[in-house]
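As provided, coords_6.pdb (PDB, C-alpha atoms, pLDDT in the B column) reads as follows.
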```pdb
ATOM      1  CA  MET A   1     -57.082 -16.123 -30.356  1.00 61.00           C
ATOM      2  CA  ASN A   2     -59.789 -13.546 -29.878  1.00 79.00           C
ATOM      3  CA  SER A   3     -63.239 -14.534 -28.684  1.00 91.00           C
ATOM      4  CA  LEU A   4     -66.316 -14.549 -30.914  1.00 92.00           C
ATOM      5  CA  ASP A   5     -67.638 -11.424 -29.200  1.00 91.00           C
ATOM      6  CA  GLU A   6     -64.346  -9.585 -29.749  1.00 92.00           C
ATOM      7  CA  PHE A   7     -64.264 -10.509 -33.427  1.00 91.00           C
ATOM      8  CA  LEU A   8     -67.871  -9.435 -33.916  1.00 91.00           C
ATOM      9  CA  ALA A   9     -67.214  -6.112 -32.197  1.00 92.00           C
ATOM     10  CA  ALA A  10     -64.250  -5.524 -34.510  1.00 91.00           C
ATOM     11  CA  SER A  11     -66.307  -6.470 -37.568  1.00 91.00           C
ATOM     12  CA  ALA A  12     -69.122  -4.127 -36.523  1.00 90.00           C
ATOM     13  CA  ALA A  13     -66.636  -1.278 -36.077  1.00 89.00           C
ATOM     14  CA  LEU A  14     -65.180  -1.916 -39.525  1.00 82.00           C
ATOM     15  CA  HIS A  15     -68.563  -2.119 -41.237  1.00 79.00           C
ATOM     16  CA  HIS A  16     -70.364   0.455 -39.040  1.00 85.00           C
ATOM     17  CA  HIS A  17     -73.018  -2.114 -38.132  1.00 88.00           C
ATOM     18  CA  LEU A  18     -73.384  -5.825 -37.492  1.00 94.00           C
ATOM     19  CA  CYS A  19     -75.393  -8.081 -39.799  1.00 95.00           C
ATOM     20  CA  PRO A  20     -76.056 -11.847 -40.075  1.00 96.00           C
ATOM     21  CA  ARG A  21     -73.543 -12.412 -42.858  1.00 96.00           C
ATOM     22  CA  GLN A  22     -70.777 -10.798 -40.849  1.00 96.00           C
ATOM     23  CA  VAL A  23     -71.526 -13.284 -38.083  1.00 97.00           C
ATOM     24  CA  LEU A  24     -71.306 -16.133 -40.606  1.00 97.00           C
ATOM     25  CA  GLY A  25     -67.995 -14.794 -41.883  1.00 97.00           C
ATOM     26  CA  VAL A  26     -66.459 -14.450 -38.438  1.00 97.00           C
ATOM     27  CA  ARG A  27     -67.557 -17.917 -37.363  1.00 97.00           C
ATOM     28  CA  MET A  28     -66.307 -19.488 -40.606  1.00 98.00           C
ATOM     29  CA  GLY A  29     -62.938 -17.791 -40.198  1.00 97.00           C
ATOM     30  CA  MET A  30     -62.609 -19.040 -36.634  1.00 97.00           C
ATOM     31  CA  LEU A  31     -63.530 -22.574 -37.657  1.00 98.00           C
ATOM     32  CA  GLY A  32     -61.149 -22.511 -40.624  1.00 98.00           C
ATOM     33  CA  GLY A  33     -58.253 -21.559 -38.401  1.00 97.00           C
ATOM     34  CA  ARG A  34     -59.098 -24.218 -35.862  1.00 97.00           C
ATOM     35  CA  LEU A  35     -59.439 -26.999 -38.453  1.00 98.00           C
ATOM     36  CA  LEU A  36     -56.059 -26.084 -39.926  1.00 97.00           C
ATOM     37  CA  GLY A  37     -54.461 -25.665 -36.504  1.00 96.00           C
ATOM     38  CA  LEU A  38     -53.561 -22.030 -37.105  1.00 96.00           C
ATOM     39  CA  ALA A  39     -53.642 -19.209 -34.572  1.00 93.00           C
ATOM     40  CA  LEU A  40     -55.783 -16.379 -35.903  1.00 93.00           C
ATOM     41  CA  PRO A  41     -55.953 -13.587 -36.749  1.00 95.00           C
ATOM     42  CA  GLN A  42     -52.600 -13.727 -38.480  1.00 92.00           C
ATOM     43  CA  ASN A  43     -50.593 -10.519 -38.634  1.00 84.00           C
ATOM     44  CA  ALA A  44     -49.169  -8.754 -41.664  1.00 78.00           C
ATOM     45  CA  ALA A  45     -45.781 -10.406 -41.220  1.00 79.00           C
ATOM     46  CA  ARG A  46     -47.142 -13.958 -41.225  1.00 83.00           C
ATOM     47  CA  LYS A  47     -49.061 -14.849 -44.367  1.00 90.00           C
ATOM     48  CA  ARG A  48     -49.494 -18.573 -43.904  1.00 95.00           C
ATOM     49  CA  LEU A  49     -53.277 -18.625 -44.335  1.00 97.00           C
ATOM     50  CA  LEU A  50     -54.774 -17.908 -47.753  1.00 97.00           C
ATOM     51  CA  THR A  51     -58.550 -17.442 -47.846  1.00 98.00           C
ATOM     52  CA  ILE A  52     -60.621 -17.682 -51.020  1.00 97.00           C
ATOM     53  CA  VAL A  53     -64.109 -16.258 -50.546  1.00 98.00           C
ATOM     54  CA  GLU A  54     -67.004 -16.936 -52.904  1.00 97.00           C
ATOM     55  CA  THR A  55     -68.739 -13.566 -52.578  1.00 97.00           C
ATOM     56  CA  ASP A  56     -67.986 -10.029 -51.471  1.00 95.00           C
ATOM     57  CA  GLY A  57     -69.721  -7.672 -49.037  1.00 93.00           C
ATOM     58  CA  CYS A  58     -70.436  -8.007 -45.328  1.00 94.00           C
ATOM     59  CA  PHE A  59     -69.633 -11.716 -45.239  1.00 96.00           C
ATOM     60  CA  THR A  60     -66.112 -11.111 -46.505  1.00 96.00           C
ATOM     61  CA  ASP A  61     -65.534  -8.355 -43.944  1.00 94.00           C
ATOM     62  CA  GLY A  62     -66.344 -10.837 -41.187  1.00 96.00           C
ATOM     63  CA  ILE A  63     -63.863 -13.353 -42.565  1.00 97.00           C
ATOM     64  CA  ALA A  64     -61.167 -10.689 -42.903  1.00 96.00           C
ATOM     65  CA  VAL A  65     -61.531  -9.677 -39.259  1.00 95.00           C
ATOM     66  CA  ALA A  66     -61.401 -13.245 -37.945  1.00 96.00           C
ATOM     67  CA  THR A  67     -58.493 -14.405 -40.100  1.00 97.00           C
ATOM     68  CA  GLY A  68     -56.365 -11.319 -40.610  1.00 95.00           C
ATOM     69  CA  CYS A  69     -56.452 -12.053 -44.353  1.00 96.00           C
ATOM     70  CA  ARG A  70     -56.638  -8.949 -46.517  1.00 94.00           C
ATOM     71  CA  VAL A  71     -56.712  -8.195 -50.229  1.00 93.00           C
ATOM     72  CA  GLY A  72     -53.929  -5.685 -49.608  1.00 90.00           C
ATOM     73  CA  ARG A  73     -51.805  -8.399 -47.998  1.00 91.00           C
ATOM     74  CA  ARG A  74     -52.496 -10.760 -50.906  1.00 92.00           C
ATOM     75  CA  THR A  75     -53.951 -13.334 -48.543  1.00 95.00           C
ATOM     76  CA  LEU A  76     -57.610 -12.843 -49.467  1.00 96.00           C
ATOM     77  CA  ARG A  77     -59.013 -13.733 -52.898  1.00 96.00           C
ATOM     78  CA  VAL A  78     -62.530 -13.306 -54.252  1.00 96.00           C
ATOM     79  CA  GLU A  79     -63.889 -15.952 -56.634  1.00 95.00           C
ATOM     80  CA  ASP A  80     -67.404 -14.602 -57.018  1.00 96.00           C
ATOM     81  CA  PHE A  81     -69.751 -17.607 -57.121  1.00 97.00           C
ATOM     82  CA  GLY A  82     -72.453 -15.708 -55.261  1.00 97.00           C
ATOM     83  CA  LYS A  83     -72.143 -17.998 -52.238  1.00 97.00           C
ATOM     84  CA  ALA A  84     -71.477 -17.232 -48.584  1.00 97.00           C
ATOM     85  CA  ALA A  85     -68.694 -19.807 -48.522  1.00 98.00           C
ATOM     86  CA  ALA A  86     -64.924 -19.786 -48.282  1.00 98.00           C
ATOM     87  CA  THR A  87     -61.927 -22.057 -48.645  1.00 98.00           C
ATOM     88  CA  PHE A  88     -59.098 -21.729 -46.132  1.00 98.00           C
ATOM     89  CA  VAL A  89     -55.657 -22.824 -47.302  1.00 98.00           C
ATOM     90  CA  ASP A  90     -52.565 -23.538 -45.214  1.00 97.00           C
ATOM     91  CA  THR A  91     -49.873 -22.411 -47.646  1.00 95.00           C
ATOM     92  CA  ASP A  92     -47.185 -24.296 -45.720  1.00 94.00           C
ATOM     93  CA  THR A  93     -48.837 -27.719 -45.890  1.00 95.00           C
ATOM     94  CA  GLY A  94     -51.205 -27.322 -48.839  1.00 94.00           C
ATOM     95  CA  GLN A  95     -54.188 -28.411 -46.744  1.00 96.00           C
ATOM     96  CA  ALA A  96     -57.448 -26.723 -47.691  1.00 98.00           C
ATOM     97  CA  VAL A  97     -60.931 -26.790 -46.182  1.00 98.00           C
ATOM     98  CA  ARG A  98     -64.090 -25.294 -47.670  1.00 98.00           C
ATOM     99  CA  ILE A  99     -66.755 -24.055 -45.245  1.00 98.00           C
ATOM    100  CA  ALA A 100     -70.336 -23.046 -46.022  1.00 98.00           C
ATOM    101  CA  PRO A 101     -73.543 -22.488 -44.031  1.00 98.00           C
ATOM    102  CA  SER A 102     -75.481 -25.657 -43.326  1.00 97.00           C
ATOM    103  CA  ARG A 103     -78.711 -26.151 -45.266  1.00 95.00           C
ATOM    104  CA  GLU A 104     -80.676 -25.954 -42.020  1.00 96.00           C
ATOM    105  CA  ALA A 105     -79.054 -22.796 -40.627  1.00 97.00           C
ATOM    106  CA  ARG A 106     -81.803 -20.383 -41.706  1.00 95.00           C
ATOM    107  CA  GLU A 107     -84.607 -22.592 -40.437  1.00 95.00           C
ATOM    108  CA  LEU A 108     -82.906 -23.223 -37.096  1.00 97.00           C
ATOM    109  CA  ALA A 109     -81.876 -19.621 -36.429  1.00 97.00           C
ATOM    110  CA  SER A 110     -85.124 -18.614 -34.692  1.00 96.00           C
ATOM    111  CA  GLU A 111     -84.762 -21.488 -32.195  1.00 96.00           C
ATOM    112  CA  TYR A 112     -81.581 -19.819 -30.915  1.00 97.00           C
ATOM    113  CA  ALA A 113     -83.093 -16.325 -30.892  1.00 96.00           C
ATOM    114  CA  PRO A 114     -86.460 -16.721 -29.138  1.00 95.00           C
ATOM    115  CA  GLU A 115     -86.721 -13.026 -28.312  1.00 94.00           C
ATOM    116  CA  ALA A 116     -85.976 -11.780 -31.833  1.00 95.00           C
ATOM    117  CA  ARG A 117     -88.424  -9.105 -32.981  1.00 95.00           C
ATOM    118  CA  HIS A 118     -88.216 -10.055 -36.674  1.00 95.00           C
ATOM    119  CA  GLN A 119     -86.552 -12.495 -39.051  1.00 95.00           C
ATOM    120  CA  TRP A 120     -83.428 -10.417 -39.685  1.00 95.00           C
ATOM    121  CA  GLU A 121     -82.735 -10.207 -35.962  1.00 96.00           C
ATOM    122  CA  ALA A 122     -83.411 -13.936 -35.637  1.00 96.00           C
ATOM    123  CA  TYR A 123     -80.691 -14.629 -38.197  1.00 97.00           C
ATOM    124  CA  LEU A 124     -78.270 -12.253 -36.491  1.00 96.00           C
ATOM    125  CA  VAL A 125     -78.737 -13.627 -32.980  1.00 96.00           C
ATOM    126  CA  GLY A 126     -79.336 -17.203 -34.112  1.00 97.00           C
ATOM    127  CA  TYR A 127     -76.091 -17.386 -36.098  1.00 97.00           C
ATOM    128  CA  TRP A 128     -74.315 -15.893 -33.107  1.00 96.00           C
ATOM    129  CA  ASN A 129     -75.644 -18.509 -30.653  1.00 97.00           C
ATOM    130  CA  MET A 130     -76.131 -21.615 -32.789  1.00 97.00           C
ATOM    131  CA  PRO A 131     -73.788 -24.562 -32.210  1.00 97.00           C
ATOM    132  CA  GLU A 132     -71.108 -24.745 -34.865  1.00 96.00           C
ATOM    133  CA  ARG A 133     -72.129 -28.215 -36.013  1.00 96.00           C
ATOM    134  CA  LEU A 134     -75.607 -26.911 -36.857  1.00 97.00           C
ATOM    135  CA  LEU A 135     -74.547 -23.595 -38.362  1.00 98.00           C
ATOM    136  CA  LEU A 136     -71.707 -24.672 -40.644  1.00 98.00           C
ATOM    137  CA  SER A 137     -70.674 -27.546 -42.872  1.00 98.00           C
ATOM    138  CA  TRP A 138     -67.129 -28.200 -44.050  1.00 98.00           C
ATOM    139  CA  GLN A 139     -65.213 -30.401 -46.481  1.00 98.00           C
ATOM    140  CA  TRP A 140     -61.516 -30.962 -47.075  1.00 98.00           C
ATOM    141  CA  VAL A 141     -60.712 -29.996 -50.654  1.00 98.00           C
ATOM    142  CA  LYS A 142     -57.829 -29.878 -53.125  1.00 96.00           C
ATOM    143  CA  LEU A 143     -57.218 -26.732 -55.138  1.00 95.00           C
ATOM    144  CA  ARG A 144     -57.201 -27.039 -58.922  1.00 93.00           C
ATOM    145  CA  SER A 145     -54.218 -24.682 -59.086  1.00 90.00           C
ATOM    146  CA  THR A 146     -51.136 -24.630 -56.912  1.00 89.00           C
ATOM    147  CA  VAL A 147     -50.817 -22.008 -54.207  1.00 89.00           C
ATOM    148  CA  GLU A 148     -47.830 -20.621 -56.112  1.00 87.00           C
ATOM    149  CA  ALA A 149     -49.934 -20.148 -59.252  1.00 88.00           C
ATOM    150  CA  ILE A 150     -52.775 -18.513 -57.303  1.00 88.00           C
ATOM    151  CA  VAL A 151     -50.555 -16.080 -55.422  1.00 86.00           C
ATOM    152  CA  GLY A 152     -47.941 -15.541 -58.132  1.00 85.00           C
ATOM    153  CA  GLU A 153     -44.526 -13.960 -57.665  1.00 82.00           C
ATOM    154  CA  ALA A 154     -44.967 -10.664 -55.833  1.00 78.00           C
ATOM    155  CA  ASP A 155     -41.739  -9.121 -57.184  1.00 81.00           C
ATOM    156  CA  ARG A 156     -42.168 -10.239 -60.776  1.00 88.00           C
ATOM    157  CA  ARG A 157     -42.721  -7.462 -63.322  1.00 93.00           C
ATOM    158  CA  THR A 158     -43.041  -7.415 -67.080  1.00 95.00           C
ATOM    159  CA  VAL A 159     -44.677  -5.296 -69.785  1.00 96.00           C
ATOM    160  CA  CYS A 160     -47.486  -6.260 -72.144  1.00 96.00           C
ATOM    161  CA  GLN A 161     -46.146  -6.118 -75.687  1.00 95.00           C
ATOM    162  CA  ALA A 162     -49.548  -5.018 -76.970  1.00 93.00           C
ATOM    163  CA  CYS A 163     -50.764  -2.196 -74.696  1.00 94.00           C
ATOM    164  CA  GLN A 164     -47.376  -1.507 -73.050  1.00 95.00           C
ATOM    165  CA  GLU A 165     -48.888  -1.564 -69.549  1.00 95.00           C
ATOM    166  CA  GLU A 166     -46.948  -3.121 -66.693  1.00 95.00           C
ATOM    167  CA  ILE A 167     -47.996  -6.561 -65.438  1.00 94.00           C
ATOM    168  CA  ILE A 168     -47.161  -7.651 -61.897  1.00 93.00           C
ATOM    169  CA  ASN A 169     -47.528 -10.799 -59.796  1.00 91.00           C
ATOM    170  CA  GLN A 170     -46.874 -13.221 -62.690  1.00 90.00           C
ATOM    171  CA  ARG A 171     -50.213 -12.527 -64.390  1.00 92.00           C
ATOM    172  CA  GLU A 172     -48.862 -12.309 -67.940  1.00 93.00           C
ATOM    173  CA  VAL A 173     -50.066 -14.610 -70.736  1.00 93.00           C
ATOM    174  CA  ILE A 174     -47.807 -15.961 -73.462  1.00 93.00           C
ATOM    175  CA  GLN A 175     -49.696 -16.031 -76.749  1.00 91.00           C
ATOM    176  CA  GLY A 176     -48.228 -16.355 -80.223  1.00 90.00           C
ATOM    177  CA  GLY A 177     -44.760 -15.960 -78.753  1.00 92.00           C
ATOM    178  CA  CYS A 178     -45.586 -12.573 -77.194  1.00 94.00           C
ATOM    179  CA  ILE A 179     -46.026 -11.464 -73.587  1.00 95.00           C
ATOM    180  CA  LEU A 180     -49.562 -10.152 -73.090  1.00 95.00           C
ATOM    181  CA  CYS A 181     -51.723  -8.945 -70.249  1.00 95.00           C
ATOM    182  CA  ARG A 182     -54.942 -10.879 -69.729  1.00 93.00           C
ATOM    183  CA  ALA A 183     -57.009  -8.114 -71.328  1.00 94.00           C
ATOM    184  CA  CYS A 184     -54.977  -8.168 -74.524  1.00 94.00           C
ATOM    185  CA  ALA A 185     -55.115 -11.967 -74.519  1.00 94.00           C
ATOM    186  CA  GLY A 186     -58.905 -11.772 -74.833  1.00 92.00           C
ATOM    187  CA  GLN A 187     -59.797 -12.138 -71.139  1.00 93.00           C
ATOM    188  CA  ALA A 188     -60.863  -8.520 -70.506  1.00 93.00           C
ATOM    189  CA  TYR A 189     -63.867  -7.733 -68.309  1.00 92.00           C
ATOM    190  CA  TYR A 190     -64.463  -4.502 -70.223  1.00 91.00           C
ATOM    191  CA  THR A 191     -64.553  -3.171 -73.794  1.00 90.00           C
ATOM    192  CA  ALA A 192     -63.192   0.092 -75.125  1.00 84.00           C
ATOM    193  CA  ALA A 193     -65.667   2.972 -75.209  1.00 87.00           C
ATOM    194  CA  GLN A 194     -63.464   5.941 -76.064  1.00 74.00           C
ATOM    195  CA  PRO A 195     -65.405   8.397 -78.265  1.00 74.00           C
ATOM    196  CA  GLU A 196     -64.107   9.275 -81.689  1.00 66.00           C
ATOM    197  CA  THR A 197     -63.373  12.883 -82.630  1.00 66.00           C
ATOM    198  CA  LYS A 198     -64.279  14.626 -85.884  1.00 64.00           C
ATOM    199  CA  THR A 199     -61.826  16.495 -88.087  1.00 61.00           C
ATOM    200  CA  THR A 200     -62.789  19.543 -90.131  1.00 63.00           C
ATOM    201  CA  ALA A 201     -63.056  17.296 -93.164  1.00 60.00           C
ATOM    202  CA  GLY A 202     -65.553  15.111 -91.323  1.00 56.00           C
ATOM    203  CA  ASP A 203     -63.225  12.120 -91.016  1.00 59.00           C
ATOM    204  CA  SER A 204     -63.219  10.112 -87.810  1.00 55.00           C
ATOM    205  CA  THR A 205     -59.932  10.096 -85.933  1.00 57.00           C
ATOM    206  CA  ARG A 206     -58.758   8.652 -82.650  1.00 53.00           C
ATOM    207  CA  PRO A 207     -56.917  10.518 -79.894  1.00 53.00           C
ATOM    208  CA  GLU A 208     -53.144  10.245 -79.935  1.00 52.00           C
ATOM    209  CA  GLY A 209     -51.872   7.031 -78.394  1.00 47.00           C
ATOM    210  CA  HIS A 210     -55.006   5.029 -79.210  1.00 44.00           C
ATOM    211  CA  VAL A 211     -54.241   1.501 -80.395  1.00 47.00           C
ATOM    212  CA  MET A 212     -56.322   0.087 -83.231  1.00 41.00           C
ATOM    213  CA  VAL A 213     -57.500  -3.453 -82.495  1.00 43.00           C
ATOM    214  CA  ARG A 214     -58.546  -5.704 -85.329  1.00 38.00           C
ATOM    215  CA  SER A 215     -59.664  -9.293 -85.549  1.00 36.00           C
ATOM    216  CA  GLY A 216     -56.638 -11.583 -85.693  1.00 38.00           C
ATOM    217  CA  GLN A 217     -53.970  -8.845 -85.575  1.00 35.00           C
ATOM    218  CA  VAL A 218     -52.674  -6.002 -83.438  1.00 42.00           C
ATOM    219  CA  THR A 219     -51.651  -2.905 -85.436  1.00 36.00           C
ATOM    220  CA  GLY A 220     -49.703   0.174 -84.392  1.00 32.00           C
ATOM    221  CA  ILE A 221     -47.436  -1.854 -82.106  1.00 38.00           C
ATOM    222  CA  THR A 222     -43.769  -2.336 -82.915  1.00 38.00           C
ATOM    223  CA  ALA A 223     -42.854  -4.407 -79.871  1.00 44.00           C
ATOM    224  CA  CYS A 224     -44.739  -7.429 -81.109  1.00 56.00           C
ATOM    225  CA  THR A 225     -45.221  -7.838 -84.846  1.00 39.00           C
ATOM    226  CA  GLN A 226     -46.253 -11.467 -85.015  1.00 43.00           C
ATOM    227  CA  GLU A 227     -49.674 -12.341 -86.426  1.00 39.00           C
ATOM    228  CA  PHE A 228     -52.117 -13.595 -83.776  1.00 41.00           C
ATOM    229  CA  SER A 229     -54.799 -16.217 -84.121  1.00 40.00           C
ATOM    230  CA  GLY A 230     -58.206 -15.620 -82.567  1.00 40.00           C
ATOM    231  CA  ASP A 231     -60.500 -12.655 -82.316  1.00 39.00           C
ATOM    232  CA  TRP A 232     -59.097  -9.579 -80.579  1.00 35.00           C
ATOM    233  CA  ARG A 233     -62.257  -7.492 -80.815  1.00 33.00           C
ATOM    234  CA  GLY A 234     -63.345  -6.238 -77.423  1.00 35.00           C
ATOM    235  CA  SER A 235     -60.062  -7.320 -75.851  1.00 36.00           C
ATOM    236  CA  GLY A 236     -59.950  -4.176 -73.748  1.00 36.00           C
ATOM    237  CA  LEU A 237     -57.263  -2.234 -75.608  1.00 33.00           C
TER     238      LEU A 237
END
```

Please rewrite the model in this file as structure tokens.
Amino acid sequence: MNSLDEFLAASAALHHHLCPRQVLGVRMGMLGGRLLGLALPQNAARKRLLTIVETDGCFTDGIAVATGCRVGRRTLRVEDFGKAAATFVDTDTGQAVRIAPSREARELASEYAPEARHQWEAYLVGYWNMPERLLLSWQWVKLRSTVEAIVGEADRRTVCQACQEEIINQREVIQGGCILCRACAGQAYYTAAQPETKTTAGDSTRPEGHVMVRSGQVTGITACTQEFSGDWRGSGL
């Protein structure tokens, strides 16, 4: 396992600077591995550790460096709760531990950085030097979903019967007897904003291939003709 200084140097190189939240992320990742008895950072071939972070940004970069977990390796997930916290999961045993900064960490930081020139530097140096038991708190937890459900099947592919887009990693939704992507099932994070065009007669038309979405029914789709319950407006089609 790399040392704290080595991990922080790697995190600084990745992020082009070092900040307090990177230090928190690195130290959480190191603690998570130790509590689970795993040698970190794991390499691309060994994906035993799954990390679920509760925010993005610098903090997550620190965790990625210390653990070897990456979004591209499907071992790093973001559940954005706006917290500098993370849950580390041993996918072989099912054990999971959630780690967060202690409530006293900010107040204690300056005691471990007596030469800091300002508060930001006190956090940076303080988090670096503070004993782990004062900096971090941890709790063994149980995931609400299985690891298999969270990760999904990497080689599984299907097609949404509404928008005809491919769905991978077992993320399809079965609704009304049809296979749908999450957007078409009403879970979209966006709404359509494609501008309408005007014909010479002044009638509004839609570009070719546009799918009309109406409340309770999908029209213009032959793959799935069943009536749907619920409101499809703003579903992302």

Discussion item. Applying 9 Å and only C-alpha atoms, which residues near segment 119-131 of chain A remain after dropping the ones on its own chain fewer than 6 positions away? List them as a VMD selection string.
Written reply: chain A and resid 4 to 5 18 to 24 27 105 to 106 108 to 113

Using all atoms listed in the file, what table do you get, as a Markdown table, when you list each residue of segment 107-161 of chain A with an atom no more than 12 Å from segment 79-87 of chain A, its nearest pair of atoms, and their distance in Å rounded to one decimal, rows by chain then rising number?
```
| residue | atom | partner | partner_atom | distance |
| --- | --- | --- | --- | --- |
| A:Leu136 | CA | A:Ala85 | CA | 9.7 |
| A:Ser137 | CA | A:Ala85 | CA | 9.8 |
| A:Trp138 | CA | A:Thr87 | CA | 9.3 |
| A:Gln139 | CA | A:Thr87 | CA | 9.2 |
| A:Trp140 | CA | A:Thr87 | CA | 9.1 |
| A:Val141 | CA | A:Thr87 | CA | 8.3 |
| A:Lys142 | CA | A:Thr87 | CA | 9.9 |
| A:Leu143 | CA | A:Thr87 | CA | 9.3 |
| A:Ile150 | CA | A:Glu79 | CA | 11.4 |
```

Item to complete: For segment 37-50 of chain A, please output as a PyMOL selection string all residues within 12 Å (counting only C-alpha atoms; exclusion window: fewer than 2 positions along the same chain).
Response: chain A and resi 1-4+6-7+10+26-35+52-53+62-78+86-98+143+146-148+150-151

Fill in: Selection dump of the PyMOL selection byres ((chain A and resi 170) around 12), as JSON, numbers by chain
{"A": [148, 149, 150, 151, 152, 153, 154, 155, 156, 157, 158, 159, 160, 166, 167, 168, 169, 171, 172, 173, 174, 179, 180, 181, 182]}

Worksheet entry | Pairwise distance for atom CA of Gly186 of chain A and atom CA of Ala162 of chain A, rounded to one decimal in Å |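 Going from atom CA of Gly186 of chain A over to atom CA of Ala162 of chain A covers 11.7 Å.
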
Fill in: Point-to-point distance in Å for atom CA of Ala100 of chain A and atom CA of Thr51 of chain A
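Those two atoms sit 13.2 Å apart.
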
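Interatomic distance, atom CA of Ala183 of chain A against atom CA of Pro195 of chain A: 19.8 Å.
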
Worksheet item: Looking at all atoms listed in the file, which of A:Glu115, A:Glu54, A:Glu107, A:Glu165 is the one that sits closest to Cys184 of chain A?
Response: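 Going through A:Glu115, A:Glu54, A:Glu107, A:Glu165 one by one, the smallest distance to Cys184 of chain A is for A:Glu165.
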
Rebuild all heavy atoms on segment 48-53 of chain A, as a compact mmCIF listing (two decimals), keeping the file's coordinate frame?
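Output file part33.txt follows:
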```
# COMPACT_ATOMS: atom_id res chain seq x y z
N ARG A 48 -49.36 -17.13 -43.68
CA ARG A 48 -49.49 -18.57 -43.90
C ARG A 48 -50.89 -18.96 -44.41
O ARG A 48 -51.02 -19.86 -45.23
CB ARG A 48 -49.18 -19.32 -42.61
CG ARG A 48 -49.30 -20.83 -42.74
CD ARG A 48 -48.75 -21.53 -41.51
NE ARG A 48 -48.96 -22.96 -41.55
CZ ARG A 48 -48.49 -23.82 -40.65
NH1 ARG A 48 -47.79 -23.37 -39.63
NH2 ARG A 48 -48.74 -25.12 -40.76
N LEU A 49 -51.92 -18.29 -43.93
CA LEU A 49 -53.28 -18.62 -44.34
C LEU A 49 -53.69 -17.82 -45.56
O LEU A 49 -53.59 -16.60 -45.59
CB LEU A 49 -54.27 -18.34 -43.20
CG LEU A 49 -55.74 -18.64 -43.52
CD1 LEU A 49 -55.96 -20.13 -43.74
CD2 LEU A 49 -56.66 -18.12 -42.43
N LEU A 50 -54.17 -18.52 -46.58
CA LEU A 50 -54.77 -17.91 -47.75
C LEU A 50 -56.26 -18.24 -47.73
O LEU A 50 -56.64 -19.39 -47.57
CB LEU A 50 -54.15 -18.47 -49.03
CG LEU A 50 -54.83 -18.10 -50.35
CD1 LEU A 50 -54.70 -16.61 -50.64
CD2 LEU A 50 -54.26 -18.93 -51.51
N THR A 51 -57.11 -17.22 -47.86
CA THR A 51 -58.55 -17.44 -47.85
C THR A 51 -59.14 -17.05 -49.20
O THR A 51 -58.86 -15.97 -49.71
CB THR A 51 -59.22 -16.62 -46.73
OG1 THR A 51 -58.65 -16.99 -45.46
CG2 THR A 51 -60.72 -16.89 -46.70
N ILE A 52 -59.94 -17.93 -49.76
CA ILE A 52 -60.62 -17.68 -51.02
C ILE A 52 -62.11 -17.62 -50.73
O ILE A 52 -62.72 -18.63 -50.36
CB ILE A 52 -60.32 -18.79 -52.05
CG1 ILE A 52 -58.80 -18.92 -52.25
CG2 ILE A 52 -61.03 -18.49 -53.37
CD1 ILE A 52 -58.39 -20.14 -53.07
N VAL A 53 -62.69 -16.44 -50.84
CA VAL A 53 -64.11 -16.26 -50.55
C VAL A 53 -64.91 -16.32 -51.84
O VAL A 53 -64.41 -16.00 -52.92
CB VAL A 53 -64.37 -14.92 -49.82
CG1 VAL A 53 -63.74 -14.93 -48.44
CG2 VAL A 53 -63.86 -13.74 -50.63
```
